[in-house]
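Structure data (TSV, C-alpha atoms) from input.tsv:
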```
chain	number	residue	atom	x	y	z
A	1	MET	CA	17.25	0.88	-18.64
A	2	LEU	CA	14.44	3.04	-17.30
A	3	LYS	CA	11.77	0.65	-18.56
A	4	LYS	CA	13.46	-2.22	-16.70
A	5	LEU	CA	13.42	-0.13	-13.55
A	6	ILE	CA	9.74	0.85	-13.69
A	7	PRO	CA	8.22	-2.37	-12.21
A	8	SER	CA	10.35	-2.03	-9.05
A	9	LEU	CA	9.57	1.68	-8.72
A	10	MET	CA	5.84	1.00	-9.00
A	11	LYS	CA	5.94	-1.82	-6.44
A	12	ASP	CA	8.11	-0.27	-3.72
A	13	GLY	CA	8.52	3.40	-4.59
A	14	PHE	CA	11.95	4.98	-4.72
A	15	GLN	CA	12.56	6.82	-1.43
A	16	GLN	CA	14.38	3.88	0.13
A	17	MET	CA	15.99	2.75	-3.13
A	18	ARG	CA	19.78	3.19	-3.29
A	19	MET	CA	21.70	3.80	-6.49
A	20	ASP	CA	23.12	0.26	-6.18
A	21	ASP	CA	19.56	-1.06	-6.13
A	22	ILE	CA	18.65	1.02	-9.16
A	23	ALA	CA	21.61	-0.32	-11.14
A	24	LYS	CA	20.60	-3.86	-10.17
A	25	PHE	CA	17.00	-3.37	-11.30
A	26	MET	CA	18.24	-1.79	-14.53
A	27	ASP	CA	20.44	-4.88	-15.01
A	28	VAL	CA	23.55	-2.77	-15.60
A	29	SER	CA	26.73	-1.93	-13.71
A	30	ARG	CA	27.01	1.24	-11.61
A	31	ALA	CA	29.51	2.57	-14.14
A	32	THR	CA	27.06	2.10	-17.01
A	33	MET	CA	24.26	3.66	-15.01
A	34	TYR	CA	26.34	6.73	-14.17
A	35	LYS	CA	27.32	7.15	-17.80
A	36	ASN	CA	23.65	7.78	-18.53
A	37	PHE	CA	22.32	9.30	-15.29
A	38	SER	CA	24.09	11.52	-12.80
A	39	SER	CA	21.58	11.20	-9.94
A	40	LYS	CA	18.42	9.55	-8.69
A	41	GLU	CA	16.54	12.74	-9.53
A	42	GLU	CA	17.59	12.47	-13.17
A	43	ILE	CA	16.46	8.84	-13.25
A	44	ILE	CA	13.03	9.61	-11.81
A	45	GLU	CA	12.70	12.56	-14.19
A	46	GLY	CA	13.36	10.15	-17.07
A	47	VAL	CA	10.65	7.78	-15.81
A	48	VAL	CA	8.16	10.63	-15.51
A	49	ARG	CA	9.00	11.74	-19.07
A	50	ILE	CA	8.26	8.21	-20.34
A	51	PHE	CA	4.80	8.38	-18.76
A	52	VAL	CA	4.07	11.92	-19.97
A	53	ASP	CA	5.17	11.11	-23.52
A	54	TYR	CA	2.92	8.03	-23.53
A	55	ILE	CA	-0.07	9.97	-22.20
A	56	GLU	CA	0.42	12.71	-24.79
A	57	GLN	CA	0.27	10.18	-27.64
A	58	LEU	CA	-3.49	10.48	-27.33
A	59	GLU	CA	-4.20	13.17	-29.88
A	60	ASP	CA	-7.05	15.65	-29.59
A	61	ARG	CA	-10.15	14.72	-31.55
A	62	THR	CA	-11.69	17.32	-33.86
A	63	ASN	CA	-15.30	18.08	-34.68
A	64	GLU	CA	-14.59	16.99	-38.25
A	65	ASP	CA	-13.83	13.40	-37.24
A	66	ASP	CA	-16.46	10.97	-38.54
A	67	ASP	CA	-18.49	8.52	-36.45
A	68	ARG	CA	-16.01	5.69	-37.02
A	69	SER	CA	-13.37	7.68	-35.17
A	70	PHE	CA	-15.34	7.02	-31.98
A	71	GLY	CA	-14.59	3.31	-32.34
A	72	VAL	CA	-10.89	3.98	-32.87
A	73	TRP	CA	-10.65	6.42	-29.98
A	74	PHE	CA	-12.54	4.04	-27.69
A	75	GLN	CA	-9.89	1.39	-28.33
A	76	GLN	CA	-7.01	3.84	-27.89
A	77	LEU	CA	-8.46	4.92	-24.55
A	78	PHE	CA	-8.91	1.31	-23.49
A	79	GLU	CA	-5.27	0.52	-24.26
A	80	GLN	CA	-4.02	3.60	-22.42
A	81	SER	CA	-6.26	3.01	-19.41
A	82	VAL	CA	-5.05	-0.57	-19.00
A	83	THR	CA	-1.41	0.43	-19.44
A	84	LEU	CA	-1.54	3.39	-17.07
A	85	VAL	CA	-3.34	1.48	-14.32
A	86	GLY	CA	-0.71	-1.23	-14.62
A	87	LYS	CA	2.21	1.20	-14.65
A	88	ILE	CA	1.57	4.20	-12.39
A	89	SER	CA	1.06	3.06	-8.80
A	90	ASP	CA	-0.14	5.03	-5.79
A	91	VAL	CA	3.15	4.23	-4.05
A	92	PHE	CA	5.14	5.87	-6.83
A	93	LEU	CA	2.85	8.91	-6.95
A	94	LYS	CA	3.12	9.40	-3.19
A	95	ASP	CA	6.92	9.28	-3.29
A	96	LEU	CA	6.98	11.61	-6.27
A	97	GLN	CA	4.76	14.16	-4.53
A	98	MET	CA	6.89	14.10	-1.39
A	99	VAL	CA	10.38	14.10	-2.92
A	100	PHE	CA	10.02	15.74	-6.33
A	101	PRO	CA	6.84	17.85	-6.23
A	102	GLU	CA	7.61	19.63	-9.50
A	103	MET	CA	7.80	16.32	-11.35
A	104	TYR	CA	4.61	15.23	-9.62
A	105	ASP	CA	2.88	18.36	-10.93
A	106	VAL	CA	4.09	17.63	-14.47
A	107	LEU	CA	2.73	14.08	-14.36
A	108	LYS	CA	-0.56	15.09	-12.73
A	109	THR	CA	-1.04	17.85	-15.32
A	110	ALA	CA	-0.68	15.28	-18.12
A	111	LEU	CA	-3.06	12.87	-16.37
A	112	ASN	CA	-5.61	15.64	-15.75
A	113	LYS	CA	-5.46	16.73	-19.39
A	114	ARG	CA	-6.09	13.14	-20.46
A	115	GLU	CA	-9.05	12.95	-18.07
A	116	GLN	CA	-10.60	16.08	-19.58
A	117	GLN	CA	-10.04	14.73	-23.12
A	118	THR	CA	-11.74	11.49	-22.10
A	119	LEU	CA	-14.72	13.19	-20.49
A	120	LYS	CA	-15.18	15.35	-23.61
A	121	PHE	CA	-15.00	12.23	-25.79
A	122	TYR	CA	-17.79	10.55	-23.81
A	123	ARG	CA	-19.93	13.70	-23.87
A	124	ASP	CA	-19.45	14.13	-27.63
A	125	GLY	CA	-20.45	10.50	-28.18
A	126	LYS	CA	-23.63	10.97	-26.18
A	127	ASN	CA	-24.48	14.20	-27.98
A	128	LYS	CA	-24.05	12.49	-31.36
A	129	GLY	CA	-26.28	9.58	-30.35
A	130	ILE	CA	-23.41	7.06	-30.50
A	131	PHE	CA	-23.05	6.37	-26.77
A	132	ASN	CA	-25.64	5.42	-24.20
A	133	PRO	CA	-26.58	8.21	-21.76
A	134	ILE	CA	-24.21	7.18	-18.96
A	135	ASN	CA	-22.54	9.58	-16.54
A	136	GLU	CA	-19.05	9.92	-18.01
A	137	LYS	CA	-17.44	10.40	-14.59
A	138	PHE	CA	-18.73	7.00	-13.53
A	139	ILE	CA	-17.01	5.46	-16.57
A	140	LEU	CA	-13.67	6.94	-15.49
A	141	LEU	CA	-14.20	5.75	-11.92
A	142	GLN	CA	-15.12	2.29	-13.17
A	143	ASP	CA	-11.86	2.07	-15.13
A	144	ASP	CA	-9.80	3.12	-12.14
A	145	ILE	CA	-11.42	0.69	-9.71
A	146	LEU	CA	-12.14	-2.34	-11.89
A	147	LEU	CA	-8.94	-2.31	-13.90
A	148	ARG	CA	-6.83	-2.13	-10.74
A	149	GLU	CA	-8.75	-5.10	-9.37
A	150	ILE	CA	-8.74	-7.36	-12.44
A	151	MET	CA	-5.03	-6.75	-13.02
A	152	ASN	CA	-4.27	-7.94	-9.51
A	153	VAL	CA	-2.74	-11.43	-9.53
A	154	LYS	CA	-4.60	-12.38	-6.34
A	155	TYR	CA	-7.93	-11.52	-7.94
A	156	LEU	CA	-7.11	-13.56	-11.04
A	157	LEU	CA	-6.02	-16.58	-9.00
A	158	TYR	CA	-9.03	-16.42	-6.67
A	159	ASN	CA	-11.43	-16.28	-9.63
A	160	GLN	CA	-9.46	-18.83	-11.68
A	161	MET	CA	-9.13	-16.35	-14.52
A	162	THR	CA	-6.27	-15.43	-16.83
A	163	ILE	CA	-5.32	-11.83	-17.53
A	164	GLN	CA	-6.26	-12.50	-21.16
A	165	GLN	CA	-9.80	-13.53	-20.17
A	166	ALA	CA	-10.14	-10.59	-17.79
A	167	LEU	CA	-9.12	-7.97	-20.36
A	168	ASP	CA	-11.14	-9.55	-23.17
A	169	ASP	CA	-14.25	-9.61	-20.99
A	170	TYR	CA	-13.74	-6.09	-19.67
A	171	TYR	CA	-13.25	-4.75	-23.19
A	172	GLN	CA	-16.52	-6.35	-24.32
A	173	LEU	CA	-18.28	-5.07	-21.19
A	174	LYS	CA	-17.17	-1.50	-21.87
A	175	LYS	CA	-18.08	-1.68	-25.55
A	176	ILE	CA	-21.62	-2.97	-24.89
A	177	GLN	CA	-22.07	-0.59	-21.98
A	178	LEU	CA	-20.96	2.47	-23.92
A	179	PHE	CA	-22.13	2.09	-27.54
A	180	LYS	CA	-25.78	2.01	-28.51
A	181	PRO	CA	-26.67	-1.36	-30.11
A	182	GLU	CA	-27.05	0.15	-33.58
A	183	LYS	CA	-23.62	1.83	-33.28
A	184	ILE	CA	-21.49	-1.12	-32.11
A	185	SER	CA	-20.52	-1.82	-35.73
A	186	LEU	CA	-18.36	1.32	-35.51
A	187	VAL	CA	-15.91	-0.74	-33.44
A	188	ASP	CA	-13.55	-3.09	-35.27
A	189	ASP	CA	-12.60	-5.71	-32.66
A	190	SER	CA	-9.82	-7.13	-34.84
A	191	ARG	CA	-7.80	-3.98	-34.09
A	192	ILE	CA	-7.79	-4.51	-30.33
A	193	GLN	CA	-6.76	-8.18	-30.16
A	194	PRO	CA	-3.05	-7.61	-30.92
A	195	VAL	CA	-3.07	-4.80	-28.36
A	196	ILE	CA	-4.51	-7.00	-25.61
A	197	GLU	CA	-2.11	-9.82	-26.50
A	198	HIS	CA	0.83	-7.42	-26.18
A	199	ILE	CA	-0.38	-6.21	-22.77
A	200	VAL	CA	-0.89	-9.82	-21.64
A	201	GLU	CA	2.64	-10.74	-22.73
A	202	LYS	CA	4.15	-7.85	-20.73
A	203	PHE	CA	1.97	-8.66	-17.72
A	204	ASN	CA	3.04	-12.32	-17.70
A	205	ARG	CA	6.72	-11.38	-18.14
A	206	ALA	CA	6.54	-9.18	-15.07
A	207	LEU	CA	5.23	-12.00	-12.82
```

Write-out of the structure in structure tokens:
Amino acid sequence: MLKKLIPSLMKDGFQQMRMDDIAKFMDVSRATMYKNFSSKEEIIEGVVRIFVDYIEQLEDRTNEDDDRSFGVWFQQLFEQSVTLVGKISDVFLKDLQMVFPEMYDVLKTALNKREQQTLKFYRDGKNKGIFNPINEKFILLQDDILLREIMNVKYLLYNQMTIQQALDDYYQLKKIQLFKPEKISLVDDSRIQPVIEHIVEKFNRAL
């Protein structure tokens, strides 16, 4: 039920959303909704928990991980970055900060931890001679700006591009940008194709 609600929350926020609206977006009756959730606060808390649990799936790397782990982690980060940009909107974050600041702090803490993990990953890759010497903060900024743009339907229509093409091209761009030419073989592209196809399917369903 919560996952069905998320697209509407991300588009319009939840401050003006009534419980009747929430039940409608969940595609259930009010009675069914109230069997599972006693209040709007409990519903939003459940949504935040979904996001936090997803973010925390990214496990900490260890110094013992071999070079090939950089290829795997790169793909896991790519998947998470695409999913989070598509799921957590500025509108939702603003409402969360205003109405439920404690939940906002929980979500921001998880996002900040992920950011620090990501920055460390990029630094470790540079130190090991696997990644090109690029400012890791620029890479994070690039994800935030470019992914938001290429996952915008207006951008795709204007450039006559499908979401599949956009994500495939951006994945290749990031891989070539990040990995030194002699280290690109550490990345197994066959692992990412089912991931991108799954994201594309969800994106198209939401249109």

Residues at most 10 Å from Arg148 of chain A, counting all atoms listed in the file, excluding those fewer than 5 positions away in the same chain, as a PyMOL selection string? chain A and resi 82+84-86+89+142-143+155

Counting only C-alpha atoms, the option among A:Lys202, A:Lys174, A:Lys11, A:Arg30 closest to Ile139 of chain A: A:Lys174

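You will find atom CA of Met161 of chain A at 17.2 Å from atom CA of Ala206 of chain A.
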
Hey, which of A:Met17, A:Leu141, A:Met10, A:Val153 ends up closest to Leu93 of chain A? Count all atoms listed in the file. A:Met10

Could you tell me which of A:Glu45, A:Asp169, A:Glu59, A:Glu79 comes closest to His198 of chain A if we count only C-alpha atoms? A:Glu79

Atom CA of Arg18 of chain A and atom CA of Asn204 of chain A, how far apart in Å? 27.0 Å

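Considering only C-alpha atoms, the residue among A:Ile163, A:Tyr104, A:Gly71, A:Phe92 positioned nearest to Ile150 of chain A is A:Ile163.
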